[in-house]
file input31.cif (mmCIF, C-alpha atoms)
data_start
#
loop_
_atom_site.label_atom_id
_atom_site.label_comp_id
_atom_site.auth_asym_id
_atom_site.auth_seq_id
_atom_site.Cartn_x
_atom_site.Cartn_y
_atom_site.Cartn_z
CA MET W 264 9.75 -35.89 -2.81
CA THR W 265 11.54 -34.70 0.34
CA LYS W 266 9.44 -34.46 3.49
CA LEU W 267 8.88 -31.09 5.19
CA THR W 268 10.68 -31.51 8.49
CA THR W 269 10.58 -27.99 9.95
CA PRO W 270 7.93 -25.27 10.44
CA PHE W 271 10.01 -22.92 8.31
CA GLU W 272 9.67 -25.23 5.29
CA ILE W 273 5.88 -25.18 5.75
CA TYR W 274 5.93 -21.39 6.18
CA LYS W 275 7.65 -21.01 2.80
CA LEU W 276 4.59 -22.56 1.13
CA LEU W 277 2.28 -19.89 2.55
CA ASP W 278 1.59 -16.38 1.23
CA LYS W 279 2.94 -14.73 4.42
CA SER W 280 0.10 -12.21 4.61
CA ASN W 281 -0.85 -12.97 8.23
CA CYS W 282 -4.51 -12.75 7.16
CA LYS W 283 -5.76 -14.67 10.26
CA LYS W 284 -8.41 -16.50 8.22
CA CYS W 285 -7.01 -19.74 9.64
CA HIS W 286 -7.63 -18.30 13.15
CA GLU W 287 -3.92 -18.06 13.90
CA LYS W 288 -2.25 -14.70 14.51
CA THR W 289 0.47 -15.14 11.88
CA CYS W 290 1.43 -17.42 9.01
CA MET W 291 4.39 -18.61 11.07
CA ALA W 292 2.03 -19.56 13.89
CA PHE W 293 -0.11 -21.47 11.40
CA ALA W 294 2.97 -23.25 10.05
CA GLY W 295 3.89 -24.22 13.59
CA ALA W 296 0.38 -25.52 14.25
CA VAL W 297 0.47 -27.60 11.06
CA TYR W 298 3.87 -28.97 12.01
CA GLN W 299 2.55 -29.95 15.45
CA GLY W 300 -0.48 -31.67 13.95
CA GLN W 301 -2.91 -29.14 15.45
CA LYS W 302 -4.03 -27.90 12.03
CA GLN W 303 -4.14 -29.22 8.48
CA LEU W 304 -2.46 -27.47 5.56
CA SER W 305 -5.90 -27.32 3.91
CA GLU W 306 -7.09 -24.91 6.64
CA CYS W 307 -5.22 -22.08 4.89
CA PRO W 308 -7.95 -20.65 2.61
CA LEU W 309 -5.43 -18.81 0.43
CA LEU W 310 -3.22 -21.79 -0.38
CA ASP W 311 -3.47 -23.27 -3.87
CA PRO W 312 -5.29 -26.65 -3.75
CA ALA W 313 -2.52 -28.12 -5.89
CA ILE W 314 0.04 -27.16 -3.24
CA ILE W 315 -2.15 -28.67 -0.52
CA ALA W 316 -2.47 -31.92 -2.45
CA GLN W 317 1.24 -32.05 -3.17
CA TYR W 318 2.56 -31.37 0.32
CA SER W 319 -0.05 -32.52 2.85
CA GLU W 320 1.42 -36.02 3.04
CA LEU W 321 4.98 -34.74 3.25
CA ILE W 322 4.74 -33.00 6.62
CA LYS W 323 6.72 -34.86 9.23
CA GLY W 324 7.06 -34.23 12.95
CA HIS W 325 4.86 -32.85 15.70
CA ASP W 326 6.84 -30.65 18.09
CA ASN W 327 5.59 -28.42 20.89
CA PRO W 328 5.70 -24.61 20.44
CA ASP W 329 9.05 -24.25 22.19
CA GLN W 330 10.59 -26.84 19.89
CA VAL W 331 9.08 -25.08 16.87
CA MET W 332 10.62 -21.74 17.83
CA GLU W 333 13.94 -23.44 18.55
CA LYS W 334 13.99 -24.96 15.05
CA VAL W 335 13.07 -21.69 13.34
CA THR W 336 15.73 -19.86 15.34
CA ALA W 337 18.30 -22.52 14.49
CA GLU W 338 17.59 -22.19 10.77
CA LEU W 339 17.94 -18.41 10.91
CA LYS W 340 21.20 -18.72 12.84
CA GLU W 341 22.62 -21.05 10.20
CA LYS W 342 21.79 -18.49 7.50
CA ILE W 343 23.58 -15.76 9.41
CA LYS W 344 26.68 -17.90 9.91
CA GLN W 345 27.15 -18.01 6.14
CA VAL W 346 27.43 -14.19 5.94
CA ASP W 347 30.58 -12.08 6.35
CA LEU W 348 28.91 -9.51 8.61
CA PRO W 349 31.72 -6.89 8.58
CA ALA W 350 31.80 -7.05 4.76
CA VAL W 351 28.06 -6.48 4.27
CA ALA W 352 27.56 -3.82 6.95
CA ASP W 353 28.00 -0.78 4.70
CA ASP W 354 26.04 -2.33 1.83
CA ILE W 355 22.92 -2.84 3.94
CA GLY W 356 23.13 0.40 5.91
CA GLY W 357 24.28 -1.24 9.12
CA VAL W 358 27.27 -0.81 11.42
CA PHE W 359 29.69 -3.54 12.49
CA LYS W 360 31.26 -2.66 15.81
CA ASN W 361 32.34 -4.53 18.93
CA GLY W 362 31.93 -7.86 17.19
CA MET W 363 28.32 -7.42 16.11
CA LEU W 364 26.26 -6.00 13.25
CA SER W 365 23.71 -3.35 14.21
CA VAL W 366 20.78 -2.82 11.83
CA LYS W 367 17.55 -0.88 12.24
CA ALA W 368 14.38 -2.80 11.38
CA LEU W 369 10.92 -1.29 11.87
CA GLY W 370 12.49 1.56 13.79
CA LYS W 371 14.29 -0.62 16.35
CA ASP W 372 17.92 -1.69 16.70
CA PHE W 373 18.69 -5.34 16.03
CA TYR W 374 22.07 -6.83 16.88
CA ILE W 375 23.36 -9.76 14.82
CA TYR W 376 26.38 -11.79 15.91
CA PRO W 377 28.69 -13.97 13.77
CA ASN W 378 27.56 -17.10 15.67
CA GLY W 379 23.99 -16.44 14.48
CA ASP W 380 22.58 -14.97 17.66
CA ILE W 381 20.15 -12.04 17.35
CA SER W 382 19.06 -9.63 20.05
CA SER W 383 16.87 -6.54 20.20
CA GLU W 384 15.05 -4.27 22.62
CA ILE W 385 11.76 -5.68 21.30
CA HIS W 386 10.31 -9.18 21.09
CA LEU W 387 11.80 -11.17 18.22
CA ASN W 388 8.70 -11.75 16.10
CA SER W 389 9.00 -13.96 13.02
CA TRP W 390 7.51 -11.23 10.80
CA VAL W 391 10.46 -9.03 11.72
CA LEU W 392 13.21 -11.64 11.87
CA ILE W 393 12.56 -13.38 8.56
CA PRO W 394 12.60 -10.21 6.37
CA LEU W 395 15.61 -8.93 8.30
CA ILE W 396 17.61 -12.09 7.68
CA GLU W 397 16.53 -12.14 4.03
CA TYR W 398 17.66 -8.51 3.75
CA ILE W 399 21.07 -9.31 5.22
CA THR W 400 21.68 -12.47 3.21
CA HIS W 401 20.19 -11.61 -0.20
CA HIS W 402 20.93 -7.92 -0.82
CA GLN W 403 22.53 -7.08 -4.19
CA LYS W 404 24.19 -3.73 -3.43
CA GLU W 405 21.57 -1.90 -5.47
CA ALA W 406 21.61 1.89 -5.06
CA ILE W 407 18.37 3.69 -4.23
CA THR W 408 17.03 5.22 -7.46
CA GLY W 409 14.43 7.71 -6.22
CA ASN W 410 11.87 6.25 -8.65
CA TRP W 411 8.67 5.11 -6.92
CA VAL W 412 6.64 2.08 -8.01
CA TYR W 413 3.55 0.32 -6.66
CA TYR W 414 3.68 -3.08 -4.99
CA ARG W 415 2.17 -4.72 -8.08
CA ASP W 416 5.11 -3.41 -10.13
CA LEU W 417 7.68 -5.30 -8.06
CA LYS W 418 9.02 -8.50 -9.62
CA ASN W 419 6.55 -11.41 -9.18
CA ALA W 420 4.30 -9.34 -6.87
CA ALA W 421 1.33 -8.71 -9.18
CA PRO W 422 -0.65 -11.87 -8.20
CA LYS W 423 -0.57 -10.78 -4.55
CA ASP W 424 -1.49 -7.14 -5.13
CA LEU W 425 -5.14 -7.51 -4.09
CA LEU W 426 -4.14 -9.24 -0.87
CA PHE W 427 -1.52 -6.55 -0.26
CA ARG W 428 -4.21 -3.89 -0.64
CA GLN W 429 -6.43 -5.67 1.86
CA GLN W 430 -3.89 -6.66 4.49
CA CYS W 431 -1.60 -3.62 4.38
CA GLU W 432 -3.04 -0.54 2.71
CA LYS W 433 -6.72 -0.83 3.65
CA ARG W 434 -5.89 -1.64 7.27
CA LEU W 435 -3.77 1.50 7.54
CA LYS W 436 -6.36 3.58 5.68
CA LYS W 437 -8.94 2.59 8.29
CA ILE W 438 -6.58 3.60 11.08
CA ALA W 439 -5.70 6.91 9.40
CA ASP W 440 -9.39 7.75 8.94
CA ALA W 441 -10.03 7.36 12.67
CA TYR W 442 -6.70 8.37 14.23
CA THR W 443 -5.22 11.62 12.97
CA GLY W 444 -1.98 11.14 14.94
CA LEU W 445 -0.99 8.11 12.85
CA PHE W 446 1.41 9.97 10.57
CA GLU W 447 3.16 11.82 13.39
CA ASP W 448 3.69 8.45 15.10
CA MET W 449 5.11 7.00 11.88
CA ILE W 450 7.59 9.86 11.57
CA HIS W 451 8.67 9.37 15.18
CA VAL W 452 8.99 5.57 15.10
CA PHE W 453 10.72 5.29 11.71
CA ASN W 454 12.67 8.56 11.67
CA GLY W 455 10.64 9.42 8.60
CA GLU W 456 10.04 12.71 6.92
CA GLN W 457 7.00 14.42 5.46
CA ILE W 458 7.40 15.51 1.85
CA GLU W 459 5.39 17.90 -0.27
CA ASN W 460 2.36 16.86 -2.31
CA GLN W 461 3.66 13.59 -3.72
CA ASN W 462 1.10 11.90 -6.03
CA GLN W 463 -1.22 14.88 -5.35
CA SER W 464 -1.95 13.33 -1.95
CA ASP W 465 -2.92 15.23 1.19
CA ILE W 466 -0.12 13.63 3.20
CA SER W 467 3.09 11.98 1.95
CA LEU W 468 5.78 10.41 4.12
CA VAL W 469 9.03 8.61 3.36
CA LEU W 470 9.87 5.92 5.91
CA TYR W 471 12.75 3.44 6.22
CA PRO W 472 11.53 0.14 7.70
CA LEU W 473 14.96 -1.19 6.63
CA PRO W 474 17.95 1.05 5.87
CA LYS W 475 17.98 0.44 2.09
CA LEU W 476 14.22 -0.03 1.74
CA PRO W 477 12.59 3.41 1.54
CA VAL W 478 8.80 3.36 1.52
CA LEU W 479 6.59 6.20 0.30
CA ILE W 480 3.23 6.42 2.07
CA SER W 481 0.52 8.58 0.51
CA TYR W 482 -2.86 9.36 2.06
CA TRP W 483 -5.84 11.11 0.50
CA LYS W 484 -8.56 12.41 2.82
CA ALA W 485 -12.21 11.78 1.99
CA ASP W 486 -13.55 14.57 -0.21
CA GLY W 487 -17.22 14.74 -1.07
CA GLU W 488 -18.14 11.64 -3.05
CA PHE W 489 -14.54 10.38 -3.03
CA GLU W 490 -13.46 8.01 -0.27
CA SER W 491 -10.13 8.31 1.49
CA ASP W 492 -7.23 6.20 0.23
CA PHE W 493 -3.87 4.95 1.47
CA VAL W 494 -1.08 3.70 -0.80
CA PHE W 495 2.41 2.27 -0.37
CA CYS W 496 5.07 2.90 -3.01
CA PHE W 497 8.57 1.46 -3.11
CA ASP W 498 11.85 2.50 -4.63
CA SER W 499 12.37 0.67 -7.92
CA SER W 500 15.49 -0.91 -6.38
CA ALA W 501 13.43 -2.65 -3.69
CA ASN W 502 13.45 -6.10 -5.32
CA LYS W 503 17.23 -6.11 -5.36
CA ASN W 504 17.41 -5.71 -1.60
CA LEU W 505 14.40 -7.78 -0.51
CA ASP W 506 12.04 -10.23 -2.21
CA PHE W 507 8.40 -9.27 -2.74
CA GLU W 508 7.13 -11.70 -0.09
CA SER W 509 9.37 -10.21 2.61
CA ILE W 510 8.30 -6.72 1.53
CA PHE W 511 4.70 -7.86 2.01
CA THR W 512 5.60 -9.17 5.48
CA ILE W 513 7.32 -5.92 6.45
CA CYS W 514 4.29 -3.83 5.41
CA ALA W 515 1.90 -6.18 7.19
CA GLY W 516 4.09 -5.76 10.25
CA ILE W 517 3.83 -1.98 9.99
CA ALA W 518 0.04 -2.27 9.75
CA ALA W 519 -0.08 -4.55 12.80
CA MET W 520 2.22 -2.28 14.79
CA PHE W 521 0.17 0.85 14.19
CA GLN W 522 -3.11 -0.96 14.64
CA LYS W 523 -2.03 -1.80 18.19
CA LEU W 524 -0.75 1.73 18.76
CA SER W 525 -3.96 3.32 17.50
CA LEU W 526 -6.08 1.34 19.98
CA ARG W 527 -4.64 3.54 22.72
CA HIS W 528 -6.02 6.63 21.02
CA ILE W 529 -9.19 5.71 19.14
#

call {"tool": "encode", "arguments": {"input": "input31.cif", "output": "structure tokens"}}
result
Amino acid sequence: MTKLTTPFEIYKLLDKSNCKKCHEKTCMAFAGAVYQGQKQLSECPLLDPAIIAQYSELIKGHDNPDQVMEKVTAELKEKIKQVDLPAVADDIGGVFKNGMLSVKALGKDFYIYPNGDISSEIHLNSWVLIPLIEYITHHQKEAITGNWVYYRDLKNAAPKDLLFRQQCEKRLKKIADAYTGLFEDMIHVFNGEQIENQNQSDISLVLYPLPKLPVLISYWKADGEFESDFVFCFDSSANKNLDFESIFTICAGIAAMFQKLSLRHI
């Protein structure tokens, strides 16, 4: 069996939830630590023991963090080079102008160049870059349907639904319970809009973390014996524009972003 020679190959084995149970901030950071020999694959508590047994002896190479980031960046650049950026711009809701593709991801402008370079006004985190590149390279020109489905209804996502609830929805529910300005901030950051009484919720917003990936957020306030709740829904076309793992990563990124923002107010 082929050895795993880059952090990105190790990352693809993980569930990409950024759960921090391994004491690293992200799954990509854990993959880098495993690649460098600082951690063992078995230190991921969510990884199937069969996967650990199969791949632990196939990890080759111990690079420093700068080398790890260089290799991940190089792999992403190679993916971009395979794409006709002017041709896909309209399909993904981007704009190709002045020799570069401009796409909004998590409310910020990202600029992608034919040589594979990527730039943005924000730090290029792996949990933004990887879904963005997957979105650019694997979209299927699927039109938005307007039909909302839960994460568990997305193709192949059901086994990760409980983890999605914990890492994405429950984290944001906790923030919303304590910080009433959360939804106004979401509207501002993502150019979202509040809609009326969707799912009989107290608050419903439609956000666009990626141009062709609308997300419906519904929040129910605590009422008597009923606890508050927070739910993500996705357009039924979501799987055609992004795989379920990258959708997980995007939502975990939203939760992390607003968790940091809320600390300034709570």

call {"tool": "axis_aligned_box", "arguments": {"input": "input31.cif", "around": "segment 363-381 of chain W", "padding_each_side": "4 Å", "output": "AutoDock Vina command-line options"}}
result
--center_x 19.8 --center_y -7.8 --center_z 14.5 --size_x 25.8 --size_y 26.7 --size_z 14.3

call {"tool": "atom_distance", "arguments": {"input": "input31.cif", "atom1": "atom CA of Asp440 of chain W", "atom2": "atom CA of Lys484 of chain W"}}
result
7.7 Å

call {"tool": "closest_residue", "arguments": {"input": "input31.cif", "among": "W:Ile381, W:Leu387, W:Ile399, W:Val469", "to": "Asp353 of chain W", "atoms": "only C-alpha atoms"}}
result
W:Ile399

call {"tool": "closest_residue", "arguments": {"input": "input31.cif", "among": "W:Gln463, W:Gln317, W:Gln429, W:Asn504", "to": "Pro477 of chain W", "atoms": "only C-alpha atoms"}}
result
W:Asn504

call {"tool": "closest_residue", "arguments": {"input": "input31.cif", "among": "W:Val494, W:Ile322, W:Ala294, W:Ile355", "to": "Trp411 of chain W", "atoms": "only C-alpha atoms"}}
result
W:Val494

call {"tool": "closest_atom_pairs", "arguments": {"input": "input31.cif", "of": "segment 381-455 of chain W", "to": "segment 277-283 of chain W", "cutoff": "12 Å", "atoms": "all atoms listed in the file", "output": "Markdown table"}}
result
| residue | atom | partner | partner_atom | distance |
| --- | --- | --- | --- | --- |
| W:Ser389 | CA | W:Lys279 | CA | 10.5 |
| W:Trp390 | CA | W:Lys279 | CA | 8.6 |
| W:Val391 | CA | W:Lys279 | CA | 11.9 |
| W:Ile393 | CA | W:Lys279 | CA | 10.6 |
| W:Pro394 | CA | W:Lys279 | CA | 10.8 |
| W:Ala420 | CA | W:Asp278 | CA | 11.1 |
| W:Pro422 | CA | W:Asp278 | CA | 10.7 |
| W:Lys423 | CA | W:Asp278 | CA | 8.3 |
| W:Asp424 | CA | W:Ser280 | CA | 11.1 |
| W:Leu425 | CA | W:Ser280 | CA | 11.2 |
| W:Leu426 | CA | W:Ser280 | CA | 7.5 |
| W:Phe427 | CA | W:Ser280 | CA | 7.6 |
| W:Arg428 | CA | W:Ser280 | CA | 10.7 |
| W:Gln429 | CA | W:Cys282 | CA | 9.1 |
| W:Gln430 | CA | W:Cys282 | CA | 6.7 |
| W:Cys431 | CA | W:Ser280 | CA | 8.8 |
| W:Arg434 | CA | W:Cys282 | CA | 11.2 |

call {"tool": "write_last_selection", "arguments": {"input": "input31.cif", "atoms": "C-alpha atoms", "output": "short mmCIF file (atom, residue, chain, number, x, y, z; two decimals), in the frame of the given file"}}
result
data_model
loop_
_atom_site.label_atom_id
_atom_site.label_comp_id
_atom_site.auth_asym_id
_atom_site.auth_seq_id
_atom_site.Cartn_x
_atom_site.Cartn_y
_atom_site.Cartn_z
CA SER W 389 9.00 -13.96 13.02
CA TRP W 390 7.51 -11.23 10.80
CA VAL W 391 10.46 -9.03 11.72
CA ILE W 393 12.56 -13.38 8.56
CA PRO W 394 12.60 -10.21 6.37
CA ALA W 420 4.30 -9.34 -6.87
CA PRO W 422 -0.65 -11.87 -8.20
CA LYS W 423 -0.57 -10.78 -4.55
CA ASP W 424 -1.49 -7.14 -5.13
CA LEU W 425 -5.14 -7.51 -4.09
CA LEU W 426 -4.14 -9.24 -0.87
CA PHE W 427 -1.52 -6.55 -0.26
CA ARG W 428 -4.21 -3.89 -0.64
CA GLN W 429 -6.43 -5.67 1.86
CA GLN W 430 -3.89 -6.66 4.49
CA CYS W 431 -1.60 -3.62 4.38
CA ARG W 434 -5.89 -1.64 7.27
#

call {"tool": "atom_distance", "arguments": {"input": "input31.cif", "atom1": "atom CA of His402 of chain W", "atom2": "atom CA of Phe373 of chain W"}}
result
17.2 Å

call {"tool": "atom_distance", "arguments": {"input": "input31.cif", "atom1": "atom CA of Ser481 of chain W", "atom2": "atom CA of Thr408 of chain W"}}
result
18.6 Å

call {"tool": "residues_near_point", "arguments": {"input": "input31.cif", "point": "(31.2, -4.1, 9.7)", "cutoff": "8 Å", "atoms": "only C-alpha atoms", "output": "PDB file with C-alpha atoms, in the coordinates of the input"}}
result
ATOM      1  CA  LEU W 348      28.910  -9.510   8.610  1.00  0.00           C
ATOM      2  CA  PRO W 349      31.720  -6.890   8.580  1.00  0.00           C
ATOM      3  CA  ALA W 350      31.800  -7.050   4.760  1.00  0.00           C
ATOM      4  CA  VAL W 351      28.060  -6.480   4.270  1.00  0.00           C
ATOM      5  CA  ALA W 352      27.560  -3.820   6.950  1.00  0.00           C
ATOM      6  CA  ASP W 353      28.000  -0.780   4.700  1.00  0.00           C
ATOM      7  CA  GLY W 357      24.280  -1.240   9.120  1.00  0.00           C
ATOM      8  CA  VAL W 358      27.270  -0.810  11.420  1.00  0.00           C
ATOM      9  CA  PHE W 359      29.690  -3.540  12.490  1.00  0.00           C
ATOM     10  CA  LYS W 360      31.260  -2.660  15.810  1.00  0.00           C
ATOM     11  CA  MET W 363      28.320  -7.420  16.110  1.00  0.00           C
ATOM     12  CA  LEU W 364      26.260  -6.000  13.250  1.00  0.00           C
TER      13      LEU W 364
END

call {"tool": "build_atoms", "arguments": {"input": "input31.cif", "residues": "segment 356-383 of chain W", "atoms": "N, CA and C atoms", "output": "PDB file, in the frame of the given file"}}
result
ATOM      1  N   GLY W 356      23.445  -0.734   5.058  1.00  0.00           N
ATOM      2  CA  GLY W 356      23.130   0.400   5.910  1.00  0.00           C
ATOM      3  C   GLY W 356      23.241   0.101   7.389  1.00  0.00           C
ATOM      4  N   GLY W 357      24.067  -0.892   7.728  1.00  0.00           N
ATOM      5  CA  GLY W 357      24.280  -1.240   9.120  1.00  0.00           C
ATOM      6  C   GLY W 357      25.655  -0.794   9.596  1.00  0.00           C
ATOM      7  N   VAL W 358      25.969  -1.145  10.834  1.00  0.00           N
ATOM      8  CA  VAL W 358      27.270  -0.810  11.420  1.00  0.00           C
ATOM      9  C   VAL W 358      27.809  -2.056  12.113  1.00  0.00           C
ATOM     10  N   PHE W 359      29.043  -2.432  11.783  1.00  0.00           N
ATOM     11  CA  PHE W 359      29.690  -3.540  12.490  1.00  0.00           C
ATOM     12  C   PHE W 359      30.680  -2.959  13.485  1.00  0.00           C
ATOM     13  N   LYS W 360      30.426  -3.217  14.758  1.00  0.00           N
ATOM     14  CA  LYS W 360      31.260  -2.660  15.810  1.00  0.00           C
ATOM     15  C   LYS W 360      31.171  -3.565  17.033  1.00  0.00           C
ATOM     16  N   ASN W 361      32.290  -3.702  17.719  1.00  0.00           N
ATOM     17  CA  ASN W 361      32.340  -4.530  18.930  1.00  0.00           C
ATOM     18  C   ASN W 361      31.876  -5.961  18.671  1.00  0.00           C
ATOM     19  N   GLY W 362      32.220  -6.468  17.492  1.00  0.00           N
ATOM     20  CA  GLY W 362      31.930  -7.860  17.190  1.00  0.00           C
ATOM     21  C   GLY W 362      30.504  -8.170  16.813  1.00  0.00           C
ATOM     22  N   MET W 363      29.709  -7.153  16.476  1.00  0.00           N
ATOM     23  CA  MET W 363      28.320  -7.420  16.110  1.00  0.00           C
ATOM     24  C   MET W 363      27.859  -6.418  15.051  1.00  0.00           C
ATOM     25  N   LEU W 364      26.870  -6.849  14.277  1.00  0.00           N
ATOM     26  CA  LEU W 364      26.260  -6.000  13.250  1.00  0.00           C
ATOM     27  C   LEU W 364      24.997  -5.383  13.819  1.00  0.00           C
ATOM     28  N   SER W 365      24.897  -4.072  13.748  1.00  0.00           N
ATOM     29  CA  SER W 365      23.710  -3.350  14.210  1.00  0.00           C
ATOM     30  C   SER W 365      22.933  -2.859  13.000  1.00  0.00           C
ATOM     31  N   VAL W 366      21.649  -3.214  12.936  1.00  0.00           N
ATOM     32  CA  VAL W 366      20.780  -2.820  11.830  1.00  0.00           C
ATOM     33  C   VAL W 366      19.436  -2.386  12.382  1.00  0.00           C
ATOM     34  N   LYS W 367      18.890  -1.308  11.840  1.00  0.00           N
ATOM     35  CA  LYS W 367      17.550  -0.880  12.240  1.00  0.00           C
ATOM     36  C   LYS W 367      16.505  -1.597  11.387  1.00  0.00           C
ATOM     37  N   ALA W 368      15.508  -2.173  12.060  1.00  0.00           N
ATOM     38  CA  ALA W 368      14.380  -2.800  11.380  1.00  0.00           C
ATOM     39  C   ALA W 368      13.113  -2.355  12.076  1.00  0.00           C
ATOM     40  N   LEU W 369      12.168  -1.814  11.307  1.00  0.00           N
ATOM     41  CA  LEU W 369      10.920  -1.290  11.870  1.00  0.00           C
ATOM     42  C   LEU W 369      11.182  -0.316  13.008  1.00  0.00           C
ATOM     43  N   GLY W 370      12.218   0.492  12.842  1.00  0.00           N
ATOM     44  CA  GLY W 370      12.490   1.560  13.790  1.00  0.00           C
ATOM     45  C   GLY W 370      13.241   1.143  15.033  1.00  0.00           C
ATOM     46  N   LYS W 371      13.601  -0.134  15.161  1.00  0.00           N
ATOM     47  CA  LYS W 371      14.290  -0.620  16.350  1.00  0.00           C
ATOM     48  C   LYS W 371      15.649  -1.195  15.974  1.00  0.00           C
ATOM     49  N   ASP W 372      16.590  -1.137  16.933  1.00  0.00           N
ATOM     50  CA  ASP W 372      17.920  -1.690  16.700  1.00  0.00           C
ATOM     51  C   ASP W 372      17.923  -3.194  16.905  1.00  0.00           C
ATOM     52  N   PHE W 373      18.480  -3.903  15.929  1.00  0.00           N
ATOM     53  CA  PHE W 373      18.690  -5.340  16.030  1.00  0.00           C
ATOM     54  C   PHE W 373      20.193  -5.600  15.969  1.00  0.00           C
ATOM     55  N   TYR W 374      20.649  -6.529  16.794  1.00  0.00           N
ATOM     56  CA  TYR W 374      22.070  -6.830  16.880  1.00  0.00           C
ATOM     57  C   TYR W 374      22.294  -8.279  16.436  1.00  0.00           C
ATOM     58  N   ILE W 375      23.123  -8.452  15.418  1.00  0.00           N
ATOM     59  CA  ILE W 375      23.360  -9.760  14.820  1.00  0.00           C
ATOM     60  C   ILE W 375      24.816 -10.128  15.041  1.00  0.00           C
ATOM     61  N   TYR W 376      25.037 -11.342  15.555  1.00  0.00           N
ATOM     62  CA  TYR W 376      26.380 -11.790  15.910  1.00  0.00           C
ATOM     63  C   TYR W 376      26.853 -12.867  14.931  1.00  0.00           C
ATOM     64  N   PRO W 377      28.169 -12.984  14.725  1.00  0.00           N
ATOM     65  CA  PRO W 377      28.690 -13.970  13.770  1.00  0.00           C
ATOM     66  C   PRO W 377      28.278 -15.410  14.063  1.00  0.00           C
ATOM     67  N   ASN W 378      27.985 -15.730  15.328  1.00  0.00           N
ATOM     68  CA  ASN W 378      27.560 -17.100  15.670  1.00  0.00           C
ATOM     69  C   ASN W 378      26.078 -17.334  15.374  1.00  0.00           C
ATOM     70  N   GLY W 379      25.396 -16.296  14.835  1.00  0.00           N
ATOM     71  CA  GLY W 379      23.990 -16.440  14.480  1.00  0.00           C
ATOM     72  C   GLY W 379      23.013 -15.906  15.487  1.00  0.00           C
ATOM     73  N   ASP W 380      23.484 -15.514  16.649  1.00  0.00           N
ATOM     74  CA  ASP W 380      22.580 -14.970  17.660  1.00  0.00           C
ATOM     75  C   ASP W 380      22.036 -13.613  17.224  1.00  0.00           C
ATOM     76  N   ILE W 381      20.804 -13.320  17.638  1.00  0.00           N
ATOM     77  CA  ILE W 381      20.150 -12.040  17.350  1.00  0.00           C
ATOM     78  C   ILE W 381      19.536 -11.525  18.636  1.00  0.00           C
ATOM     79  N   SER W 382      19.693 -10.238  18.887  1.00  0.00           N
ATOM     80  CA  SER W 382      19.060  -9.630  20.050  1.00  0.00           C
ATOM     81  C   SER W 382      18.470  -8.283  19.666  1.00  0.00           C
ATOM     82  N   SER W 383      17.506  -7.829  20.449  1.00  0.00           N
ATOM     83  CA  SER W 383      16.870  -6.540  20.200  1.00  0.00           C
ATOM     84  C   SER W 383      16.168  -6.094  21.464  1.00  0.00           C
TER      85      SER W 383
END
